[in-house]
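S.K.: Supplied in structure tokens, the structure appears directly below.
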Amino acid sequence: MINQIIEIVDSKELRELKLEGLIGRMGRIIESLDQSQRKNPGYIVEPFQEEDEWFIPSQSIKTL
């Protein structure tokens with residue numbers, strides 16, 4: 001899924017991380033942290049038109 005364009009969608013896990021302000025934003029996956037042994041699998045996402053990178057839980061990833 002590296003370089004996949006995604007939209008961030010609502011999930012319980014995203015709200016637990018207090019990242020609900022990112023819902024509806026678009027970005028590109030730059031690193032997968034989706035291994036099954038992880039407590040909270042997800043991805044590192046590079047948002048469009050910003051410099052910060054985010055950890056986004058896999059439940060909040062919608063591929064486009």
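Scheme for the structure tokens: letters A, B, ... for chains in order shown; per-chain residue numbers from 1; ligand numbers from 1 in order shown.
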Find the residues around Glu20 of chain A up to 10 Å (only C-alpha atoms counted), leave out those fewer than 6 positions away in its own chain, and share them as an MDAnalysis selection string.

M.R.: chainID A and resid 8:14 60

S.K.: Give me a file of those residues, with N, CA and C atoms, as a PDB file, in the first residue's frame.

M.R.:
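Output file again.pdb follows:
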```pdb
ATOM      1  N   ILE A   8      -8.813   9.807   5.143  1.00  0.00           N
ATOM      2  CA  ILE A   8      -8.912   9.419   6.545  1.00  0.00           C
ATOM      3  C   ILE A   8     -10.388   9.442   6.942  1.00  0.00           C
ATOM      4  N   VAL A   9     -10.855   8.306   7.475  1.00  0.00           N
ATOM      5  CA  VAL A   9     -12.260   8.176   7.871  1.00  0.00           C
ATOM      6  C   VAL A   9     -12.346   7.952   9.380  1.00  0.00           C
ATOM      7  N   ASP A  10     -13.514   8.149   9.910  1.00  0.00           N
ATOM      8  CA  ASP A  10     -13.749   8.037  11.356  1.00  0.00           C
ATOM      9  C   ASP A  10     -13.597   6.598  11.833  1.00  0.00           C
ATOM     10  N   SER A  11     -13.016   6.432  13.009  1.00  0.00           N
ATOM     11  CA  SER A  11     -12.964   5.131  13.679  1.00  0.00           C
ATOM     12  C   SER A  11     -12.753   5.379  15.163  1.00  0.00           C
ATOM     13  N   LYS A  12     -13.089   4.374  15.950  1.00  0.00           N
ATOM     14  CA  LYS A  12     -12.873   4.450  17.394  1.00  0.00           C
ATOM     15  C   LYS A  12     -11.389   4.657  17.699  1.00  0.00           C
ATOM     16  N   GLU A  13     -10.528   3.975  16.956  1.00  0.00           N
ATOM     17  CA  GLU A  13      -9.084   4.061  17.172  1.00  0.00           C
ATOM     18  C   GLU A  13      -8.543   5.458  16.871  1.00  0.00           C
ATOM     19  N   LEU A  14      -9.065   6.096  15.846  1.00  0.00           N
ATOM     20  CA  LEU A  14      -8.637   7.460  15.510  1.00  0.00           C
ATOM     21  C   LEU A  14      -9.055   8.423  16.621  1.00  0.00           C
ATOM     22  N   SER A  60      -8.996   3.540   9.923  1.00  0.00           N
ATOM     23  CA  SER A  60      -9.332   4.883   9.452  1.00  0.00           C
ATOM     24  C   SER A  60      -8.809   5.165   8.054  1.00  0.00           C
TER      25      SER A  60
END
```

S.K.: Write out as an NGL selection string the residues lying within 12 Å of Ile2 of chain A, counting only C-alpha atoms and excluding same-chain residues fewer than 2 positions away.

M.R.: :A and (4-6 or 27-34 or 42-46 or 63)

S.K.: Would you output that residue set with N, CA and C atoms, as an mmCIF file, in the first residue's frame?

M.R.:
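For reference, selection_31.cif as written:
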```cif
data_model
loop_
_atom_site.group_PDB
_atom_site.id
_atom_site.type_symbol
_atom_site.label_atom_id
_atom_site.label_comp_id
_atom_site.auth_asym_id
_atom_site.auth_seq_id
_atom_site.Cartn_x
_atom_site.Cartn_y
_atom_site.Cartn_z
ATOM 1 N N GLN A 4 -0.010 4.661 -1.816
ATOM 2 C CA GLN A 4 -1.453 4.659 -2.067
ATOM 3 C C GLN A 4 -2.055 5.969 -1.563
ATOM 4 N N ILE A 5 -2.923 6.571 -2.351
ATOM 5 C CA ILE A 5 -3.649 7.773 -1.950
ATOM 6 C C ILE A 5 -4.839 7.329 -1.099
ATOM 7 N N ILE A 6 -5.022 7.985 0.040
ATOM 8 C CA ILE A 6 -6.073 7.570 0.969
ATOM 9 C C ILE A 6 -6.870 8.780 1.467
ATOM 10 N N GLY A 27 -4.225 11.998 1.903
ATOM 11 C CA GLY A 27 -2.786 11.878 2.033
ATOM 12 C C GLY A 27 -2.284 10.676 1.262
ATOM 13 N N ARG A 28 -0.996 10.384 1.454
ATOM 14 C CA ARG A 28 -0.337 9.278 0.765
ATOM 15 C C ARG A 28 0.383 8.435 1.808
ATOM 16 N N ILE A 29 0.193 7.122 1.747
ATOM 17 C CA ILE A 29 0.859 6.212 2.678
ATOM 18 C C ILE A 29 2.340 6.170 2.338
ATOM 19 N N ILE A 30 3.191 6.409 3.353
ATOM 20 C CA ILE A 30 4.637 6.347 3.114
ATOM 21 C C ILE A 30 5.311 5.208 3.875
ATOM 22 N N GLU A 31 4.605 4.612 4.844
ATOM 23 C CA GLU A 31 5.161 3.476 5.583
ATOM 24 C C GLU A 31 4.026 2.639 6.163
ATOM 25 N N SER A 32 4.174 1.334 6.042
ATOM 26 C CA SER A 32 3.173 0.419 6.594
ATOM 27 C C SER A 32 3.604 -0.052 7.979
ATOM 28 N N LEU A 33 2.724 0.100 8.944
ATOM 29 C CA LEU A 33 2.905 -0.433 10.297
ATOM 30 C C LEU A 33 1.712 -1.333 10.593
ATOM 31 N N ASP A 34 1.343 -2.142 9.609
ATOM 32 C CA ASP A 34 0.104 -2.918 9.644
ATOM 33 C C ASP A 34 0.340 -4.398 9.965
ATOM 34 N N GLY A 42 -1.437 0.193 11.638
ATOM 35 C CA GLY A 42 -1.815 1.371 10.859
ATOM 36 C C GLY A 42 -0.738 1.753 9.880
ATOM 37 N N TYR A 43 -0.714 3.034 9.511
ATOM 38 C CA TYR A 43 0.181 3.519 8.468
ATOM 39 C C TYR A 43 0.702 4.905 8.833
ATOM 40 N N ILE A 44 1.889 5.217 8.327
ATOM 41 C CA ILE A 44 2.391 6.580 8.389
ATOM 42 C C ILE A 44 1.929 7.249 7.093
ATOM 43 N N VAL A 45 1.221 8.368 7.256
ATOM 44 C CA VAL A 45 0.611 9.055 6.117
ATOM 45 C C VAL A 45 1.205 10.450 5.992
ATOM 46 N N GLU A 46 1.565 10.793 4.760
ATOM 47 C CA GLU A 46 2.039 12.141 4.443
ATOM 48 C C GLU A 46 0.851 12.910 3.863
ATOM 49 N N THR A 63 -8.951 3.682 0.896
ATOM 50 C CA THR A 63 -8.162 3.853 -0.316
ATOM 51 C C THR A 63 -9.024 4.450 -1.416
#
```

S.K.: Please indicate the distance in Å from atom CA of Asp52 of chain A to atom CA of Gln37 of chain A, rounded to one decimal place.

M.R.: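 Value for the atom CA of Asp52 of chain A-atom CA of Gln37 of chain A distance: 26.3 Å.
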
S.K.: Please determine, counting only C-alpha atoms, which residue among A:Lys62, A:Met26, A:Met1, A:Gln35 has the shortest atom-to-atom distance to Gln49 of chain A.

M.R.: A:Met26

S.K.: Just asking: which residues within chain A are helix (DSSP H, G or I) according to DSSP, as a PyMOL selection string?

M.R.: chain A and resi 12-16+20-22+58-60

S.K.: Keeping all heavy atoms, export the residues of the selection given above as a PDB file, in the first residue's frame.

M.R.:
```pdb
ATOM      1  N   LYS A  12     -13.089   4.374  15.950  1.00  0.00           N
ATOM      2  CA  LYS A  12     -12.873   4.450  17.394  1.00  0.00           C
ATOM      3  C   LYS A  12     -11.389   4.657  17.699  1.00  0.00           C
ATOM      4  O   LYS A  12     -11.014   5.445  18.559  1.00  0.00           O
ATOM      5  CB  LYS A  12     -13.377   3.160  18.043  1.00  0.00           C
ATOM      6  CG  LYS A  12     -13.166   3.091  19.540  1.00  0.00           C
ATOM      7  CD  LYS A  12     -13.600   1.757  20.098  1.00  0.00           C
ATOM      8  CE  LYS A  12     -12.352   0.929  20.192  1.00  0.00           C
ATOM      9  NZ  LYS A  12     -12.407  -0.358  20.768  1.00  0.00           N
ATOM     10  N   GLU A  13     -10.528   3.975  16.956  1.00  0.00           N
ATOM     11  CA  GLU A  13      -9.084   4.061  17.172  1.00  0.00           C
ATOM     12  C   GLU A  13      -8.543   5.458  16.871  1.00  0.00           C
ATOM     13  O   GLU A  13      -7.689   5.966  17.598  1.00  0.00           O
ATOM     14  CB  GLU A  13      -8.353   3.016  16.312  1.00  0.00           C
ATOM     15  CG  GLU A  13      -8.625   1.586  16.711  1.00  0.00           C
ATOM     16  CD  GLU A  13      -9.963   1.029  16.225  1.00  0.00           C
ATOM     17  OE1 GLU A  13     -10.690   1.714  15.474  1.00  0.00           O
ATOM     18  OE2 GLU A  13     -10.292  -0.105  16.606  1.00  0.00           O
ATOM     19  N   LEU A  14      -9.065   6.096  15.846  1.00  0.00           N
ATOM     20  CA  LEU A  14      -8.637   7.460  15.510  1.00  0.00           C
ATOM     21  C   LEU A  14      -9.055   8.423  16.621  1.00  0.00           C
ATOM     22  O   LEU A  14      -8.273   9.280  17.034  1.00  0.00           O
ATOM     23  CB  LEU A  14      -9.242   7.892  14.173  1.00  0.00           C
ATOM     24  CG  LEU A  14      -8.678   9.175  13.578  1.00  0.00           C
ATOM     25  CD1 LEU A  14      -7.280   8.932  13.032  1.00  0.00           C
ATOM     26  CD2 LEU A  14      -9.582   9.714  12.496  1.00  0.00           C
ATOM     27  N   ARG A  15     -10.251   8.251  17.131  1.00  0.00           N
ATOM     28  CA  ARG A  15     -10.730   9.114  18.225  1.00  0.00           C
ATOM     29  C   ARG A  15      -9.935   8.892  19.508  1.00  0.00           C
ATOM     30  O   ARG A  15      -9.666   9.837  20.240  1.00  0.00           O
ATOM     31  CB  ARG A  15     -12.218   8.897  18.457  1.00  0.00           C
ATOM     32  CG  ARG A  15     -13.048   9.447  17.298  1.00  0.00           C
ATOM     33  CD  ARG A  15     -14.537   9.355  17.562  1.00  0.00           C
ATOM     34  NE  ARG A  15     -15.274   9.880  16.431  1.00  0.00           N
ATOM     35  CZ  ARG A  15     -15.507  11.160  16.223  1.00  0.00           C
ATOM     36  NH1 ARG A  15     -15.058  12.059  17.063  1.00  0.00           N
ATOM     37  NH2 ARG A  15     -16.189  11.560  15.172  1.00  0.00           N
ATOM     38  N   GLU A  16      -9.529   7.651  19.773  1.00  0.00           N
ATOM     39  CA  GLU A  16      -8.707   7.372  20.949  1.00  0.00           C
ATOM     40  C   GLU A  16      -7.362   8.105  20.881  1.00  0.00           C
ATOM     41  O   GLU A  16      -6.796   8.482  21.897  1.00  0.00           O
ATOM     42  CB  GLU A  16      -8.481   5.870  21.104  1.00  0.00           C
ATOM     43  CG  GLU A  16      -9.707   5.132  21.578  1.00  0.00           C
ATOM     44  CD  GLU A  16      -9.526   3.623  21.599  1.00  0.00           C
ATOM     45  OE1 GLU A  16      -8.466   3.115  21.158  1.00  0.00           O
ATOM     46  OE2 GLU A  16     -10.464   2.946  22.046  1.00  0.00           O
ATOM     47  N   GLU A  20      -9.432  13.084  15.521  1.00  0.00           N
ATOM     48  CA  GLU A  20     -10.672  13.212  14.742  1.00  0.00           C
ATOM     49  C   GLU A  20     -10.676  14.448  13.853  1.00  0.00           C
ATOM     50  O   GLU A  20     -11.436  14.517  12.886  1.00  0.00           O
ATOM     51  CB  GLU A  20     -11.914  13.169  15.641  1.00  0.00           C
ATOM     52  CG  GLU A  20     -11.950  14.213  16.724  1.00  0.00           C
ATOM     53  CD  GLU A  20     -11.337  13.764  18.041  1.00  0.00           C
ATOM     54  OE1 GLU A  20     -10.732  12.690  18.132  1.00  0.00           O
ATOM     55  OE2 GLU A  20     -11.458  14.529  19.001  1.00  0.00           O
ATOM     56  N   GLY A  21      -9.836  15.420  14.126  1.00  0.00           N
ATOM     57  CA  GLY A  21      -9.734  16.603  13.261  1.00  0.00           C
ATOM     58  C   GLY A  21      -9.180  16.287  11.880  1.00  0.00           C
ATOM     59  O   GLY A  21      -9.273  17.109  10.967  1.00  0.00           O
ATOM     60  N   LEU A  22      -8.630  15.080  11.713  1.00  0.00           N
ATOM     61  CA  LEU A  22      -8.081  14.677  10.412  1.00  0.00           C
ATOM     62  C   LEU A  22      -9.110  13.989   9.522  1.00  0.00           C
ATOM     63  O   LEU A  22      -8.826  13.726   8.352  1.00  0.00           O
ATOM     64  CB  LEU A  22      -6.888  13.742  10.617  1.00  0.00           C
ATOM     65  CG  LEU A  22      -5.717  14.313  11.422  1.00  0.00           C
ATOM     66  CD1 LEU A  22      -4.642  13.255  11.594  1.00  0.00           C
ATOM     67  CD2 LEU A  22      -5.167  15.554  10.753  1.00  0.00           C
ATOM     68  N   SER A  58      -5.254   1.558  10.886  1.00  0.00           N
ATOM     69  CA  SER A  58      -5.733   0.931   9.643  1.00  0.00           C
ATOM     70  C   SER A  58      -7.250   1.022   9.497  1.00  0.00           C
ATOM     71  O   SER A  58      -7.762   1.088   8.377  1.00  0.00           O
ATOM     72  CB  SER A  58      -5.279  -0.529   9.572  1.00  0.00           C
ATOM     73  OG  SER A  58      -5.719  -1.256  10.680  1.00  0.00           O
ATOM     74  N   GLN A  59      -8.003   1.095  10.607  1.00  0.00           N
ATOM     75  CA  GLN A  59      -9.461   1.218  10.533  1.00  0.00           C
ATOM     76  C   GLN A  59      -9.896   2.572   9.975  1.00  0.00           C
ATOM     77  O   GLN A  59     -11.057   2.740   9.594  1.00  0.00           O
ATOM     78  CB  GLN A  59     -10.092   1.031  11.919  1.00  0.00           C
ATOM     79  CG  GLN A  59      -9.851  -0.322  12.526  1.00  0.00           C
ATOM     80  CD  GLN A  59      -8.529  -0.402  13.278  1.00  0.00           C
ATOM     81  OE1 GLN A  59      -7.642   0.426  13.149  1.00  0.00           O
ATOM     82  NE2 GLN A  59      -8.386  -1.449  14.077  1.00  0.00           N
ATOM     83  N   SER A  60      -8.996   3.540   9.923  1.00  0.00           N
ATOM     84  CA  SER A  60      -9.332   4.883   9.452  1.00  0.00           C
ATOM     85  C   SER A  60      -8.809   5.165   8.054  1.00  0.00           C
ATOM     86  O   SER A  60      -8.784   6.318   7.626  1.00  0.00           O
ATOM     87  CB  SER A  60      -8.775   5.941  10.422  1.00  0.00           C
ATOM     88  OG  SER A  60      -9.457   5.863  11.646  1.00  0.00           O
TER      89      SER A  60
END
```
